[in-house]
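The next block holds one structure in the form of C-alpha cells; read it before the comments.
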Amino acid sequence: MEKNLKIVYLDRVTAGPIDLREKFDKYGEYTEYEDTEVGEIDERIEDVDVVITTRIRLGKKQFEKAKKLKLILITATGFNHIDVKSANEFGIKVANVSGYSTNSVAQLAITFLLNELTPVNKYFEEVKNGKWIDIHVPDYQKYPIDDVEGKILGIVGFGNIGKKVAQMAEALGMEVMVAGKDYKKVEEDGVLRYDLDEVLEKCDVLTLHVPLTNSTRNLINLEKMKKMKRSARILNLARGPVINQDDLYFALKNKIIKSAAIDVTSVEPIEKNSKLFELENIVITPHIAWKSEKSMITLMNDVEKNLKLFLEGKLEGLK
C-alpha cells in the first residue's frame with residue numbers, strides 16, 4: 001500500500017471532534033485546514049494527491065492547476081459541489097459515502113415532525129416569559145397541540161432515509177403516502193407510490209429526502225404549496241434548493257401552509273438577513289441531520305475505505 005501520498009482536508013471543521021490525523025497519517029503527509037476560502041483553494045491543492053472535503057466547490061479551474069491530484073474523497077453523500085464530469089476528464093476519481101447517516105437524518109425528521117405537532121420550543125419560550133399559568137387555559141393557548149396518530153405523512157424520496165422515516169412514522173400511528181418515481185402513481189416493491197399532486201393534496205406533513213438534481217430543483221414551489229392543506233407542514237432534510245425558498249417564505253407569511261422545519265437552505269450558511277427570520281412559523285437548523293456522533297464515526301471509516309479501494313485499484317468512483 002502506497003505510504004507517500006500528500007493528503008489535504010480542506011474543511012476539517014465539518015468533521016467535528018474526531019481525531020483524523022491518526023487515521024490518515026499512515027498514508028503519507030496529511031494536512032488539515034479548519035476551513036478554506038475560495039482564494040485559498042488553488043494553493044492548498046496544487047501539490048497534493050488526495051483532497052478530502054465536505055462542501056468546498058471544486059471544478060475545472062481548480063483541476064487545471066492541481067497537476068498531481070488523483071482522488072477527491074467527499075465526506076458526505078451529496079456531491080453537487082464537485083464538477084464530477086470535469087474531474088473524470090482530468091483522470092481524477094471522486095468518491096462519496098452513502099448510507100452512513102440514515103438513522104441520524106430520520107431521527108431529525110421525526111424530531112421536526114413531533115415538534116411541529118407539539119411545539120416544545122414555543123412552549124419553552126412561553127415558560128421563560130412567565131406564561132406557565134396562561135398556557136394551561138385552552139382559550140389562551142397560542143400553540144395548539146395536535147395528535148400524530150392518524151395524520152398522513154407524505155414522503156418525497158423513498159431511499160434508505162425515506163424508508164426509515166416511513167417505518168418510524170407508521171410506528172407512531174401515521175398513514176404514509178409515498179410520491180412515486182417521476183411523481184406518478186405506480187406500485188413498486190409492494191409499496192404504492194402516489195402522484196405527487198395527490199400526496200400534496202392529502203398529506204398533513206410533507207417530508208423531503210431527494211437528492212438535488214435538475215428534476216428536483218424547485219420541485220416544491222408556490223404552485224405546489226397551494227395544492228396543500230392550509231394546516232399542512234413541510235419538512236426539508238434534502239437539499240435547500242429542492243424548495244423554492246422565496247416561495248416558501250411567501251407561503252408561510254401568507255398562511256398558505258401552516259409551518260415548516262428545515263435543516264437546509266438555498267444558500268449555506270443562511271444569509272444573516274434572510275427573510276425567513278422574520279417568520280414565527282418556521283424552525284431552521286444548520287444542516288446537522290447527518291452529524292450524530294455514530295454517523296460521523298461511520299462516515300470517516302467509510303472515507304478511509306474509499307481511500308484503500310483507490311490504492312488497491314478497485315474504486316469505481318462517481319461518473
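For the C-alpha cells, the naming scheme is as follows: chains receive sequential letters (A, B, ...) according to their order of presentation, residues are indexed from 1 within each chain, and ligands are indexed from 1 in presentation order.
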
Distance table requested - stretch 131-232 of chain A against stretch 102-114 of chain A, cut-off 8 Å, only C-alpha atoms: one row per qualifying residue with the closest atom pair and its distance in Å to one decimal, ordered by chain and rising residue number, as a Markdown table.
| residue | atom | partner | partner_atom | distance |
| --- | --- | --- | --- | --- |
| A:Val148 | CA | A:Leu114 | CA | 7.3 |
| A:Asn160 | CA | A:Thr102 | CA | 6.4 |
| A:Ile161 | CA | A:Thr102 | CA | 5.0 |
| A:Gly162 | CA | A:Ala106 | CA | 7.6 |
| A:Lys164 | CA | A:Ala106 | CA | 6.2 |
| A:Val165 | CA | A:Ala106 | CA | 5.2 |
| A:Met168 | CA | A:Ile110 | CA | 7.5 |
| A:Ala169 | CA | A:Ile110 | CA | 7.4 |
| A:Val205 | CA | A:Leu113 | CA | 7.5 |
| A:Thr207 | CA | A:Ala109 | CA | 7.5 |

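Non-sequential neighbours of A:Asp47 (distance at most 8 Å, separation of 2 or more positions within a chain, only C-alpha atoms) are Lys6, Arg44, Ile45, Asp49, Ala66, Lys67, Lys68 and Leu69 of chain A.
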
Exercise for the section: Record the distance separating atom CA of A:Glu46 and atom CA of A:Val97, expressed in Å with one decimal. Expected result: 24.5 Å

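Considering only C-alpha atoms, the residue among A:Glu22, A:Leu315, A:Ile256, A:Glu271 positioned nearest to A:Lys70 is A:Leu315.
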
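You can rank A:Leu279, A:Leu71, A:Asn121, A:Met296 by their closest distance to A:Gly317 using only C-alpha atoms, and at the top of that list sits A:Leu71.
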
Exercise for the section: Report the residues of stretch 90-252 of chain A whose backbone DSSP state falls under helix (DSSP H, G or I), written as an MDAnalysis selection string. Expected result: chainID A and resid 102:117 120:128 134:136 138:140 160:171 181:183 196:202 222:225 240:242 245:252

Exercise for the section: Just the residues within 6 Å of A:Leu153, please, counting only C-alpha atoms, with nothing from its chain fewer than 4 positions along; format it as a ChimeraX atom specification. Expected result: /A:176,203,205-206

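The protein and nucleic acid residues lying at most 8 Å from stretch 242-245 of chain A are Val210, Leu212, Thr216, Arg217, Asn218, Leu219, Ile220, Asn221, Leu222, Asn236, Thr265 and Ser266 of chain A, with only C-alpha atoms considered and sequence neighbours fewer than 6 positions away removed.
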
Generate a file of the selected residues that holds all heavy atoms, formatted as an mmCIF file, in the first residue's frame.
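This is the output file selection00.cif:
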data_model
loop_
_atom_site.group_PDB
_atom_site.id
_atom_site.type_symbol
_atom_site.label_atom_id
_atom_site.label_comp_id
_atom_site.auth_asym_id
_atom_site.auth_seq_id
_atom_site.Cartn_x
_atom_site.Cartn_y
_atom_site.Cartn_z
ATOM 1 N N VAL A 210 -34.971 13.840 -1.171
ATOM 2 C CA VAL A 210 -34.452 13.571 -2.512
ATOM 3 C C VAL A 210 -33.094 14.254 -2.699
ATOM 4 O O VAL A 210 -32.802 15.259 -2.060
ATOM 5 C CB VAL A 210 -35.418 14.083 -3.605
ATOM 6 C CG1 VAL A 210 -36.668 13.247 -3.650
ATOM 7 C CG2 VAL A 210 -35.754 15.555 -3.389
ATOM 8 N N LEU A 212 -30.394 16.555 -4.861
ATOM 9 C CA LEU A 212 -30.587 17.737 -5.698
ATOM 10 C C LEU A 212 -30.146 17.428 -7.120
ATOM 11 O O LEU A 212 -28.976 17.156 -7.380
ATOM 12 C CB LEU A 212 -29.783 18.919 -5.152
ATOM 13 C CG LEU A 212 -29.919 20.234 -5.944
ATOM 14 C CD1 LEU A 212 -31.362 20.713 -5.956
ATOM 15 C CD2 LEU A 212 -28.987 21.293 -5.381
ATOM 16 N N THR A 216 -35.241 17.853 -9.479
ATOM 17 C CA THR A 216 -35.741 18.127 -8.120
ATOM 18 C C THR A 216 -35.512 19.579 -7.687
ATOM 19 O O THR A 216 -36.057 20.003 -6.667
ATOM 20 C CB THR A 216 -35.100 17.196 -7.075
ATOM 21 O OG1 THR A 216 -33.680 17.412 -7.045
ATOM 22 C CG2 THR A 216 -35.397 15.743 -7.394
ATOM 23 N N ARG A 217 -34.728 20.334 -8.410
ATOM 24 C CA ARG A 217 -34.528 21.749 -8.071
ATOM 25 C C ARG A 217 -35.868 22.491 -8.209
ATOM 26 O O ARG A 217 -36.547 22.380 -9.225
ATOM 27 C CB ARG A 217 -33.481 22.377 -8.988
ATOM 28 C CG ARG A 217 -33.111 23.813 -8.605
ATOM 29 C CD ARG A 217 -32.050 24.354 -9.536
ATOM 30 N NE ARG A 217 -30.798 23.636 -9.396
ATOM 31 C CZ ARG A 217 -29.859 23.920 -8.489
ATOM 32 N NH1 ARG A 217 -30.059 24.912 -7.632
ATOM 33 N NH2 ARG A 217 -28.745 23.212 -8.433
ATOM 34 N N ASN A 218 -36.252 23.207 -7.176
ATOM 35 C CA ASN A 218 -37.542 23.928 -7.143
ATOM 36 C C ASN A 218 -38.733 22.985 -7.320
ATOM 37 O O ASN A 218 -39.787 23.390 -7.803
ATOM 38 C CB ASN A 218 -37.592 25.019 -8.218
ATOM 39 C CG ASN A 218 -36.620 26.143 -7.934
ATOM 40 O OD1 ASN A 218 -36.465 26.569 -6.794
ATOM 41 N ND2 ASN A 218 -35.945 26.617 -8.966
ATOM 42 N N LEU A 219 -38.563 21.733 -6.913
ATOM 43 C CA LEU A 219 -39.653 20.765 -7.018
ATOM 44 C C LEU A 219 -40.882 21.238 -6.245
ATOM 45 O O LEU A 219 -42.016 21.111 -6.703
ATOM 46 C CB LEU A 219 -39.191 19.406 -6.464
ATOM 47 C CG LEU A 219 -40.221 18.284 -6.436
ATOM 48 C CD1 LEU A 219 -40.623 17.889 -7.853
ATOM 49 C CD2 LEU A 219 -39.675 17.072 -5.673
ATOM 50 N N ILE A 220 -40.640 21.787 -5.056
ATOM 51 C CA ILE A 220 -41.737 22.326 -4.254
ATOM 52 C C ILE A 220 -41.704 23.847 -4.371
ATOM 53 O O ILE A 220 -40.868 24.526 -3.773
ATOM 54 C CB ILE A 220 -41.617 21.877 -2.777
ATOM 55 C CG1 ILE A 220 -41.525 20.354 -2.679
ATOM 56 C CG2 ILE A 220 -42.798 22.400 -1.982
ATOM 57 C CD1 ILE A 220 -42.706 19.605 -3.265
ATOM 58 N N ASN A 221 -42.613 24.363 -5.180
ATOM 59 C CA ASN A 221 -42.711 25.798 -5.411
ATOM 60 C C ASN A 221 -44.081 26.291 -4.954
ATOM 61 O O ASN A 221 -44.867 25.528 -4.370
ATOM 62 C CB ASN A 221 -42.455 26.130 -6.880
ATOM 63 C CG ASN A 221 -43.372 25.341 -7.816
ATOM 64 O OD1 ASN A 221 -44.463 24.916 -7.419
ATOM 65 N ND2 ASN A 221 -42.945 25.146 -9.052
ATOM 66 N N LEU A 222 -44.378 27.528 -5.207
ATOM 67 C CA LEU A 222 -45.642 28.102 -4.725
ATOM 68 C C LEU A 222 -46.842 27.374 -5.313
ATOM 69 O O LEU A 222 -47.831 27.113 -4.604
ATOM 70 C CB LEU A 222 -45.713 29.589 -5.066
ATOM 71 C CG LEU A 222 -46.914 30.350 -4.495
ATOM 72 C CD1 LEU A 222 -46.951 30.259 -2.977
ATOM 73 C CD2 LEU A 222 -46.871 31.808 -4.950
ATOM 74 N N ASN A 236 -37.901 19.836 5.338
ATOM 75 C CA ASN A 236 -36.891 19.643 4.296
ATOM 76 C C ASN A 236 -35.577 19.211 4.923
ATOM 77 O O ASN A 236 -34.906 19.978 5.606
ATOM 78 C CB ASN A 236 -36.676 20.913 3.472
ATOM 79 C CG ASN A 236 -35.780 20.651 2.262
ATOM 80 O OD1 ASN A 236 -35.459 19.505 1.937
ATOM 81 N ND2 ASN A 236 -35.373 21.707 1.587
ATOM 82 N N THR A 265 -30.852 25.107 3.503
ATOM 83 C CA THR A 265 -31.335 26.347 2.899
ATOM 84 C C THR A 265 -30.715 26.497 1.511
ATOM 85 O O THR A 265 -29.749 25.808 1.171
ATOM 86 C CB THR A 265 -30.979 27.563 3.767
ATOM 87 O OG1 THR A 265 -29.571 27.564 4.047
ATOM 88 C CG2 THR A 265 -31.746 27.517 5.081
ATOM 89 N N SER A 266 -31.264 27.409 0.724
ATOM 90 C CA SER A 266 -30.806 27.546 -0.659
ATOM 91 C C SER A 266 -29.365 28.036 -0.725
ATOM 92 O O SER A 266 -28.626 27.692 -1.647
ATOM 93 C CB SER A 266 -31.722 28.494 -1.432
ATOM 94 O OG SER A 266 -31.780 29.755 -0.811
#

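Minimum atom-to-atom distances from A:Gly157, A:Pro241, A:Gly173, A:Gly91 to A:Arg193 were compared using only C-alpha atoms, and the lowest value belongs to A:Gly157.
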
Handout entry: Neighbour list for A:Lys258 as a list in words, cut-off 6 Å, only C-alpha atoms, skip fewer than 6 positions in-chain
Key = Arg230, Ser231, Ala232 and Arg233 of chain A

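In this structure, atom CA of A:Lys131 sits 20.2 Å away from atom CA of A:Glu116.
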
Exercise for the section: Give the strand (DSSP E) residues of stretch 34-193 of chain A, as DSSP finds them on the backbone, and put them as a list in words. Expected result: Val50, Val51, Ile52, Thr53, Leu71, Ile72, Leu73, Ile74, Lys93, Val94, Ala95, Ile152, Leu153, Gly154, Ile155, Val156, Glu175, Val176, Met177, Val178, Ala179, Val186, Glu187, Glu188, Val191, Leu192 and Arg193 of chain A

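Using only C-alpha atoms, the nearest neighbour of A:Tyr9 within the list A:Lys229, A:Val303, A:Phe310, A:Ser98 is A:Val303.
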